[in-house]
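A quick write-up on the structure given underneath.
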Amino acid sequence: MKDLVTRFFDNVSKLSGHLAVVEDCRQITYGELGVLVKKIAAEIEKYGEQPRVIVYMHQGYDAYAAMIATLLAGGYYTPINMEAPLQRHLDVFSQFQPNIVISTKDLSDSLMLTNKDIALIDIECLGSDLLEKHVKSHDLAYVIFTSGSTGKPKGVMIPRDALNHYVEWAISAMKITDKDRWSQHPNIAFDLSVLDIYGALCGGATLYPLTSNKDRLLPAIFIKKNQLTIWNSVPSVIDLMIRARQVKKENFNSLRLLTFCGEPLLFRHVQAIFAANKDAIVNNTYGPTEATVSCTLISLNVDNYHQYCERSVALGMPIPGMKIELINGISPDEGEMVLIGPQLARGYWNNETETLNSFITMQNGISAYRTGDWVVRYKGQLYFRERIDNQVKVRGNRVELDEVDSVLIDIGYKNVCTIFVDGNLYCFIETIKDLDQSNLRSILKSRLPDYEIPTAVYAIDSFPRNANDKIDKKKLIQYCCSD
Amino acid sequence: MSNYTFEELRNIIISFIEPKLIKSGFDKNKLIDSTDLLGEGILDSFDFIDLIVFIEDKTNLNIDLSQVDFESLTSISGLLKELVSINS
């Protein structure tokens, strides 16, 4: 299988003058991006073999170049969500223990890097050396940190072979060419961005990151302005477009393909898309971070989409090489989805307990990942039903409810319960005292990303409990709905 | 502005923002008309679009988001300036 760094440099050779990335106020060709990658890689190589690298930058070609450069130099990286609070960044630093941080001086100042074992590569002050040779690669490509139930983010270790498998599939299945103009909407710390970055840059397409407030608020206008041919995001972004009344023919007519992952795609999403562009293809994909972005596909068109919409759109069939099994159901047509195949993660970074819980060995001795997603098979198609644990998706972002509880327990509350109702988080604290809402919010904001901050935090004298003395979450849900 | 006074428009915006202040933990007393509602985390992208739709529904004014200057629109004063401009 061709390595993704080789794929990228094939494009640097073949498409040297072709635009690789177009940002709001600047752009870069494949030839120029290739030089930038080699310059960063030359700096990385100075600090030893197979380094652990943190990419500490906003989305844009500097960050993409840093990722590819790390792989060229044989290392592996973790990207940081720059919108998350500093404490969250520090948690990732503390766990990942990088050898190198690639950033700018301004951005990295807030980190106050005092550890002399961590080298800073300032993207704005690179030398002129280029790394021309291929360096022996580490087994891993990247580690993406997601919400963890203990209150600390959990690092998913993705092997380079898994990433190569995924990228090869994506370029072929999505028929990427140098004519494609591709959105880059998801945060680079969210693995859906992996599809954009490597799909586009290894496929010869031009990538368009949405960086300004206006572009992120009005993505449909962005599509029109740049005449994008491919859109990739979580389905919630289509909701945003629908609410802004922007899902219109004039905005969508350049799109040939829209691809979704991260949360259930709904009938209203595809209906709006096909009303605006009847010639488009809508790809619904499914996959946890632990299986390298996605591992199923169903392609919908204006003629067939009705037959694949139940409560949500069908999850599709496994992509070549990947396999799905359902376990623990009362019939073969329902159960927890288990994934098998070359795209599985190596486990969680320095977290053997969580790794053993989720990465299992099947009866036939094959390794598998338990997704925690309960699905049903109906007319040959798989449909998502519910989670079997405390993980939810808030606008496509993965959240462990226990993580929100952990922050409040950390500051002294003993009994805390966070629930998820109609897409929002609500937190209940068992206390007879009034809550200092302002202080509480400040603490939550300093520890959690925006999407993990509850819509409301309620004080409750004592939790309603059921016959087994467990917190009666149904009553808490009623409380939220009646508030 | 034929149907709404400047103050009434301001009140419409405030009535939407107030519940969001609690969620964001932003001190109500520190909210001024030039506060960047997105930058300060008072509104997220969905809230902001909902605010625009809320204003349109309440006033029957049409805000063409593709044409406006976004850098100033994300504050109360920016929104008011845009509404006045649309109605003039």
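Each chain in the structure tokens gets a letter, A, B, ..., in the order shown, and its residues are numbered from 1; ligands are numbered from 1 in order too.
The residues of chain B lying at most 9 Å from chain A, with only C-alpha atoms taken into account, are Lys20, Ile22, Lys23, Ser24, Gly25, Phe26, Asp27, Leu38, Gly41, Asp44, Ser45, Phe46, Phe48, Ile49, Asp50, Ile52, Val53, Leu65, Ser66, Asp69, Phe70 and Glu71 of chain B.
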Writing out the chosen residues with C-alpha atoms as a CSV table (one decimal), in the first residue's frame:
```csv
chain,number,residue,atom,x,y,z
B,20,LYS,CA,-27.6,32.9,27.0
B,22,ILE,CA,-26.4,32.6,32.2
B,23,LYS,CA,-25.1,29.7,30.2
B,24,SER,CA,-21.9,31.5,29.2
B,25,GLY,CA,-21.3,32.8,32.7
B,26,PHE,CA,-20.8,36.3,31.3
B,27,ASP,CA,-21.5,38.9,33.9
B,38,LEU,CA,-19.4,35.4,19.6
B,41,GLY,CA,-18.6,33.0,24.1
B,44,ASP,CA,-22.3,30.0,19.6
B,45,SER,CA,-22.8,29.8,15.9
B,46,PHE,CA,-26.2,28.2,16.2
B,48,PHE,CA,-26.2,33.6,16.5
B,49,ILE,CA,-28.1,32.3,13.5
B,50,ASP,CA,-31.1,31.8,15.8
B,52,ILE,CA,-30.8,36.6,13.4
B,53,VAL,CA,-33.9,34.5,12.6
B,65,LEU,CA,-26.3,37.7,5.8
B,66,SER,CA,-24.3,37.2,2.6
B,69,ASP,CA,-20.1,43.2,7.4
B,70,PHE,CA,-19.6,40.3,9.9
B,71,GLU,CA,-16.8,41.8,11.9
```
field: Filtered DSSP result for range 5-84 of chain B, state alpha helix (DSSP H), as a PyMOL selection string
entry: chain B and resi 6-24+45-59+70-73+76-84
Using N, CA and C atoms, can you write the selected residues to a file as a CSV table (one decimal), in the first residue's frame?
```
chain,number,residue,atom,x,y,z
B,6,PHE,N,-35.6,52.4,18.1
B,6,PHE,CA,-34.2,51.9,18.3
B,6,PHE,C,-34.2,51.1,19.6
B,7,GLU,N,-34.8,51.7,20.7
B,7,GLU,CA,-34.8,51.0,22.0
B,7,GLU,C,-35.6,49.7,21.9
B,8,GLU,N,-36.7,49.7,21.2
B,8,GLU,CA,-37.5,48.4,21.1
B,8,GLU,C,-36.7,47.3,20.4
B,9,LEU,N,-35.9,47.7,19.3
B,9,LEU,CA,-35.1,46.8,18.7
B,9,LEU,C,-34.0,46.2,19.6
B,10,ARG,N,-33.5,47.1,20.4
B,10,ARG,CA,-32.4,46.7,21.3
B,10,ARG,C,-33.0,45.7,22.3
B,11,ASN,N,-34.2,46.0,22.8
B,11,ASN,CA,-34.9,45.1,23.7
B,11,ASN,C,-35.1,43.7,23.1
B,12,ILE,N,-35.4,43.7,21.8
B,12,ILE,CA,-35.7,42.4,21.2
B,12,ILE,C,-34.3,41.6,21.2
B,13,ILE,N,-33.3,42.3,20.9
B,13,ILE,CA,-32.0,41.6,20.9
B,13,ILE,C,-31.6,41.1,22.3
B,14,ILE,N,-31.8,42.0,23.3
B,14,ILE,CA,-31.5,41.7,24.7
B,14,ILE,C,-32.3,40.5,25.2
B,15,SER,N,-33.6,40.5,24.8
B,15,SER,CA,-34.5,39.4,25.3
B,15,SER,C,-34.0,38.0,24.8
B,16,PHE,N,-33.3,38.0,23.7
B,16,PHE,CA,-32.8,36.7,23.2
B,16,PHE,C,-31.5,36.4,23.9
B,17,ILE,N,-30.7,37.5,24.2
B,17,ILE,CA,-29.3,37.2,24.7
B,17,ILE,C,-29.4,36.9,26.2
B,18,GLU,N,-30.3,37.5,26.9
B,18,GLU,CA,-30.2,37.3,28.4
B,18,GLU,C,-30.1,35.9,28.9
B,19,PRO,N,-31.0,35.0,28.4
B,19,PRO,CA,-30.8,33.6,28.9
B,19,PRO,C,-29.4,33.0,28.5
B,20,LYS,N,-28.9,33.5,27.5
B,20,LYS,CA,-27.6,32.9,27.0
B,20,LYS,C,-26.4,33.4,28.0
B,21,LEU,N,-26.7,34.6,28.6
B,21,LEU,CA,-25.7,35.1,29.5
B,21,LEU,C,-25.4,34.1,30.7
B,22,ILE,N,-26.5,33.5,31.1
B,22,ILE,CA,-26.4,32.6,32.2
B,22,ILE,C,-25.5,31.4,31.8
B,23,LYS,N,-25.8,30.9,30.7
B,23,LYS,CA,-25.1,29.7,30.2
B,23,LYS,C,-23.6,30.0,30.1
B,24,SER,N,-23.3,31.2,29.5
B,24,SER,CA,-21.9,31.5,29.2
B,24,SER,C,-21.2,31.9,30.5
B,45,SER,N,-22.4,29.6,17.2
B,45,SER,CA,-22.8,29.8,15.9
B,45,SER,C,-24.3,29.6,15.7
B,46,PHE,N,-24.8,28.5,16.3
B,46,PHE,CA,-26.2,28.2,16.2
B,46,PHE,C,-27.1,29.3,16.9
B,47,ASP,N,-26.6,29.7,18.0
B,47,ASP,CA,-27.3,30.8,18.7
B,47,ASP,C,-27.4,32.1,17.9
B,48,PHE,N,-26.2,32.4,17.3
B,48,PHE,CA,-26.2,33.6,16.5
B,48,PHE,C,-27.1,33.6,15.3
B,49,ILE,N,-27.2,32.4,14.6
B,49,ILE,CA,-28.1,32.3,13.5
B,49,ILE,C,-29.5,32.4,14.0
B,50,ASP,N,-29.8,31.7,15.2
B,50,ASP,CA,-31.1,31.8,15.8
B,50,ASP,C,-31.5,33.2,16.1
B,51,LEU,N,-30.5,34.0,16.6
B,51,LEU,CA,-30.8,35.4,17.0
B,51,LEU,C,-31.2,36.2,15.7
B,52,ILE,N,-30.5,35.9,14.6
B,52,ILE,CA,-30.8,36.6,13.4
B,52,ILE,C,-32.3,36.3,13.0
B,53,VAL,N,-32.6,35.0,13.0
B,53,VAL,CA,-33.9,34.5,12.6
B,53,VAL,C,-35.0,35.1,13.6
B,54,PHE,N,-34.6,35.1,14.9
B,54,PHE,CA,-35.5,35.7,15.9
B,54,PHE,C,-35.8,37.2,15.6
B,55,ILE,N,-34.8,37.9,15.3
B,55,ILE,CA,-35.0,39.3,15.0
B,55,ILE,C,-35.9,39.5,13.7
B,56,GLU,N,-35.6,38.7,12.7
B,56,GLU,CA,-36.4,38.8,11.5
B,56,GLU,C,-37.8,38.5,11.8
B,57,ASP,N,-38.1,37.4,12.5
B,57,ASP,CA,-39.4,37.0,12.8
B,57,ASP,C,-40.2,38.1,13.6
B,58,LYS,N,-39.5,38.7,14.6
B,58,LYS,CA,-40.1,39.7,15.4
B,58,LYS,C,-40.3,41.1,14.7
B,59,THR,N,-39.5,41.4,13.7
B,59,THR,CA,-39.5,42.7,13.1
B,59,THR,C,-40.0,42.7,11.6
B,70,PHE,N,-19.5,41.2,8.7
B,70,PHE,CA,-19.6,40.3,9.9
B,70,PHE,C,-18.8,40.8,11.0
B,71,GLU,N,-17.7,41.4,10.8
B,71,GLU,CA,-16.8,41.8,11.9
B,71,GLU,C,-17.6,42.7,12.9
B,72,SER,N,-18.5,43.5,12.4
B,72,SER,CA,-19.2,44.4,13.3
B,72,SER,C,-20.6,43.8,13.7
B,73,LEU,N,-21.0,42.9,13.0
B,73,LEU,CA,-22.4,42.4,13.2
B,73,LEU,C,-22.5,41.6,14.5
B,76,ILE,N,-24.2,43.9,19.8
B,76,ILE,CA,-25.5,44.6,19.8
B,76,ILE,C,-25.5,45.8,18.9
B,77,SER,N,-24.5,46.6,19.1
B,77,SER,CA,-24.4,47.9,18.3
B,77,SER,C,-24.3,47.6,16.8
B,78,GLY,N,-23.5,46.6,16.5
B,78,GLY,CA,-23.4,46.2,15.0
B,78,GLY,C,-24.7,45.7,14.5
B,79,LEU,N,-25.4,44.9,15.3
B,79,LEU,CA,-26.8,44.5,14.8
B,79,LEU,C,-27.7,45.6,14.6
B,80,LEU,N,-27.7,46.5,15.6
B,80,LEU,CA,-28.6,47.7,15.5
B,80,LEU,C,-28.3,48.6,14.3
B,81,LYS,N,-27.0,48.7,14.1
B,81,LYS,CA,-26.6,49.6,12.9
B,81,LYS,C,-27.1,48.9,11.6
B,82,GLU,N,-27.0,47.6,11.5
B,82,GLU,CA,-27.5,46.9,10.4
B,82,GLU,C,-29.0,47.0,10.2
B,83,LEU,N,-29.7,46.9,11.3
B,83,LEU,CA,-31.1,46.9,11.2
B,83,LEU,C,-31.6,48.3,10.8
B,84,VAL,N,-30.9,49.3,11.3
B,84,VAL,CA,-31.3,50.7,11.0
B,84,VAL,C,-31.0,50.9,9.5
```
query: What is the distance, in Å and to one decimal place, between CA of Leu339 in chain A and CA of Asn364 in chain A?
result: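 Going from CA of Leu339 in chain A over to CA of Asn364 in chain A covers 14.0 Å.
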query: DSSP on the backbone: what in range 154-282 of chain A comes out strand (DSSP E or B), as number ranges by chain?
result: A: 154-159, 181-184, 206-209, 230-233, 257-260, 281-282
- request: One decimal, Å: what's the distance from CA of Pro320 in chain A over to CA of Asp178 in chain A, could you say?
  value: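 These two atoms are separated by 24.3 Å.
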field: Residue neighbourhood range 322-333 of chain A, 10 Å, only C-alpha atoms, exclusion window fewer than 6 positions, as a PyMOL selection string
entry: chain A and resi 291+295-296+339-344+368-370+373-382
message: Using only C-alpha atoms, which protein or nucleic acid residues come within 7 Å of Thr78 in chain A? Drop anything in the same chain fewer than 4 positions from it, and give the result as a PyMOL selection string.
response: chain A and resi 53-55+142-144
message: Could you check the closest approach to Ser147 in chain A for each of A:Thr206, A:Ser406, A:Asn415, A:Gln478 and tell me which residue wins, using only C-alpha atoms?
response: A:Ser406
task: Quick one: pull the distance between CA of Leu131 in chain A and CA of Val156 in chain A, Å, one decimal.
output: 28.4 Å
message: When you look at Thr292 in chain A with a cut-off of 10 Å (counting only C-alpha atoms), what residues show up, excluding the ones that are within fewer than 6 positions of it in the same chain? I need them as an MDAnalysis selection string.
response: chainID A and resid 156:159 162:167 191:192 194:195 342:345
Please save C-alpha atoms of the selected residues as a compact mmCIF listing (two decimals), in the first residue's frame.
```
# COMPACT_ATOMS: atom_id res chain seq x y z
CA VAL A 156 -6.68 7.22 20.51
CA MET A 157 -3.53 5.80 18.85
CA ILE A 158 -3.91 5.49 15.09
CA PRO A 159 -1.29 3.44 13.25
CA ALA A 162 -4.54 2.28 9.33
CA LEU A 163 -4.35 5.83 8.05
CA ASN A 164 -2.88 4.64 4.74
CA HIS A 165 -5.72 2.13 4.39
CA TYR A 166 -8.31 4.82 5.02
CA VAL A 167 -6.76 7.42 2.70
CA ASP A 191 -10.63 13.22 13.36
CA LEU A 192 -13.15 14.07 10.66
CA VAL A 194 -8.25 13.75 8.66
CA LEU A 195 -10.50 12.99 5.69
CA PRO A 342 -6.94 -2.84 9.46
CA GLN A 343 -8.19 0.58 10.50
CA LEU A 344 -8.47 -0.20 14.21
CA ALA A 345 -6.52 1.93 16.67
```
message: Can you tell me which residues surround Asp106 in chain A at a distance of at most 12 Å, considering only C-alpha atoms, apart from same-chain residues fewer than 2 positions away, and format the answer as a ChimeraX atom specification?
response: /A:56-57,102-104,108-112,120,122-124
Keeping C-alpha atoms for every residue in the selection just given, could you write it to a file as a PDB file, in the first residue's frame?
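Output file selection-v4.pdb follows:
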```pdb
ATOM      1  CA  TYR A  56      -0.248  23.633  18.251  1.00  0.00           C
ATOM      2  CA  MET A  57      -1.820  25.763  15.532  1.00  0.00           C
ATOM      3  CA  ILE A 102       5.237  22.977  16.270  1.00  0.00           C
ATOM      4  CA  SER A 103       3.635  26.357  16.702  1.00  0.00           C
ATOM      5  CA  THR A 104       4.290  30.083  16.507  1.00  0.00           C
ATOM      6  CA  SER A 108       3.022  28.948  22.300  1.00  0.00           C
ATOM      7  CA  ASP A 109       3.672  31.791  24.773  1.00  0.00           C
ATOM      8  CA  SER A 110       0.534  30.847  26.696  1.00  0.00           C
ATOM      9  CA  LEU A 111       1.969  27.377  27.313  1.00  0.00           C
ATOM     10  CA  MET A 112       4.996  28.771  29.183  1.00  0.00           C
ATOM     11  CA  LEU A 120       9.691  24.429  20.018  1.00  0.00           C
ATOM     12  CA  ASP A 122       8.471  28.148  15.318  1.00  0.00           C
ATOM     13  CA  ILE A 123       6.729  27.847  11.973  1.00  0.00           C
ATOM     14  CA  GLU A 124       7.509  31.505  11.297  1.00  0.00           C
TER      15      GLU A 124
END
```
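Candidate residues B:Ser85, B:Asn62, B:Ser75, B:Asn3 were compared for distance to Glu40 in chain B, and the nearest is B:Ser75, using only C-alpha atoms.
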message: as a list of chain:residue names, please: the residues near Ile68 in chain A (cut-off 10 Å, only C-alpha atoms, same-chain neighbours under 3 positions excluded).
response: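 Answer for this query is A:Leu4, A:Val5, A:Phe8, A:Gly34, A:Leu36, A:Val37, A:Lys38, A:Ile40, A:Ala41, A:Ala63, A:Tyr64, A:Ala65, A:Leu71, A:Leu72, A:Ala73, A:Gly74, A:Gly75, A:Tyr76, A:Tyr77, A:Ala141, A:Ile197, A:Tyr198, A:Leu201.
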Take the residues just selected and output them with N, CA and C atoms as a PDB file, in the first residue's frame.
```pdb
ATOM      1  N   LEU A   4       0.985   7.586   2.620  1.00  0.00           N
ATOM      2  CA  LEU A   4       0.333   8.857   2.304  1.00  0.00           C
ATOM      3  C   LEU A   4       1.333   9.995   2.050  1.00  0.00           C
ATOM      4  N   VAL A   5       2.518   9.912   2.649  1.00  0.00           N
ATOM      5  CA  VAL A   5       3.530  10.939   2.386  1.00  0.00           C
ATOM      6  C   VAL A   5       3.998  10.835   0.930  1.00  0.00           C
ATOM      7  N   PHE A   8       1.330  12.338  -1.205  1.00  0.00           N
ATOM      8  CA  PHE A   8       1.377  13.804  -1.193  1.00  0.00           C
ATOM      9  C   PHE A   8       2.493  14.308  -2.114  1.00  0.00           C
ATOM     10  N   GLY A  34       5.050  21.606  -0.579  1.00  0.00           N
ATOM     11  CA  GLY A  34       6.076  20.559  -0.499  1.00  0.00           C
ATOM     12  C   GLY A  34       7.358  21.092   0.127  1.00  0.00           C
ATOM     13  N   LEU A  36       7.581  23.716   2.150  1.00  0.00           N
ATOM     14  CA  LEU A  36       7.292  24.002   3.564  1.00  0.00           C
ATOM     15  C   LEU A  36       7.362  22.716   4.402  1.00  0.00           C
ATOM     16  N   VAL A  37       6.777  21.649   3.875  1.00  0.00           N
ATOM     17  CA  VAL A  37       6.800  20.358   4.583  1.00  0.00           C
ATOM     18  C   VAL A  37       8.249  19.904   4.800  1.00  0.00           C
ATOM     19  N   LYS A  38       9.070  20.015   3.761  1.00  0.00           N
ATOM     20  CA  LYS A  38      10.462  19.558   3.881  1.00  0.00           C
ATOM     21  C   LYS A  38      11.256  20.424   4.849  1.00  0.00           C
ATOM     22  N   ILE A  40      10.019  22.013   7.531  1.00  0.00           N
ATOM     23  CA  ILE A  40       9.612  21.649   8.900  1.00  0.00           C
ATOM     24  C   ILE A  40      10.218  20.294   9.269  1.00  0.00           C
ATOM     25  N   ALA A  41      10.174  19.364   8.305  1.00  0.00           N
ATOM     26  CA  ALA A  41      10.711  18.019   8.577  1.00  0.00           C
ATOM     27  C   ALA A  41      12.209  18.085   8.898  1.00  0.00           C
ATOM     28  N   ALA A  63      -0.563  24.208   9.740  1.00  0.00           N
ATOM     29  CA  ALA A  63      -0.859  23.022  10.560  1.00  0.00           C
ATOM     30  C   ALA A  63      -0.826  21.752   9.704  1.00  0.00           C
ATOM     31  N   TYR A  64      -1.406  21.822   8.508  1.00  0.00           N
ATOM     32  CA  TYR A  64      -1.403  20.630   7.641  1.00  0.00           C
ATOM     33  C   TYR A  64       0.049  20.241   7.300  1.00  0.00           C
ATOM     34  N   ALA A  65       0.860  21.275   6.996  1.00  0.00           N
ATOM     35  CA  ALA A  65       2.264  21.010   6.642  1.00  0.00           C
ATOM     36  C   ALA A  65       2.995  20.382   7.826  1.00  0.00           C
ATOM     37  N   LEU A  71       5.161  13.191   9.716  1.00  0.00           N
ATOM     38  CA  LEU A  71       5.143  11.839   9.136  1.00  0.00           C
ATOM     39  C   LEU A  71       6.360  11.627   8.227  1.00  0.00           C
ATOM     40  N   LEU A  72       6.721  12.672   7.476  1.00  0.00           N
ATOM     41  CA  LEU A  72       7.910  12.568   6.615  1.00  0.00           C
ATOM     42  C   LEU A  72       9.163  12.306   7.452  1.00  0.00           C
ATOM     43  N   ALA A  73       9.204  12.940   8.627  1.00  0.00           N
ATOM     44  CA  ALA A  73      10.378  12.789   9.490  1.00  0.00           C
ATOM     45  C   ALA A  73      10.298  11.535  10.361  1.00  0.00           C
ATOM     46  N   GLY A  74       9.261  10.717  10.117  1.00  0.00           N
ATOM     47  CA  GLY A  74       9.165   9.428  10.808  1.00  0.00           C
ATOM     48  C   GLY A  74       8.491   9.485  12.169  1.00  0.00           C
ATOM     49  N   GLY A  75       7.934  10.643  12.510  1.00  0.00           N
ATOM     50  CA  GLY A  75       7.313  10.783  13.826  1.00  0.00           C
ATOM     51  C   GLY A  75       5.805  10.583  13.811  1.00  0.00           C
ATOM     52  N   TYR A  76       5.192  10.927  14.904  1.00  0.00           N
ATOM     53  CA  TYR A  76       3.730  10.899  15.013  1.00  0.00           C
ATOM     54  C   TYR A  76       3.310  12.091  15.846  1.00  0.00           C
ATOM     55  N   TYR A  77       2.060  12.514  15.649  1.00  0.00           N
ATOM     56  CA  TYR A  77       1.662  13.806  16.212  1.00  0.00           C
ATOM     57  C   TYR A  77       0.304  13.729  16.894  1.00  0.00           C
ATOM     58  N   ALA A 141       0.706   7.062  13.412  1.00  0.00           N
ATOM     59  CA  ALA A 141       0.638   8.288  12.601  1.00  0.00           C
ATOM     60  C   ALA A 141       0.216   9.456  13.489  1.00  0.00           C
ATOM     61  N   ILE A 197      -7.943  16.664   5.120  1.00  0.00           N
ATOM     62  CA  ILE A 197      -6.527  17.001   4.947  1.00  0.00           C
ATOM     63  C   ILE A 197      -5.833  16.002   4.030  1.00  0.00           C
ATOM     64  N   TYR A 198      -5.951  14.714   4.359  1.00  0.00           N
ATOM     65  CA  TYR A 198      -5.234  13.713   3.564  1.00  0.00           C
ATOM     66  C   TYR A 198      -6.001  13.333   2.301  1.00  0.00           C
ATOM     67  N   LEU A 201      -5.185  16.486  -0.009  1.00  0.00           N
ATOM     68  CA  LEU A 201      -3.777  16.721  -0.362  1.00  0.00           C
ATOM     69  C   LEU A 201      -3.100  15.474  -0.941  1.00  0.00           C
TER      70      LEU A 201
END
```
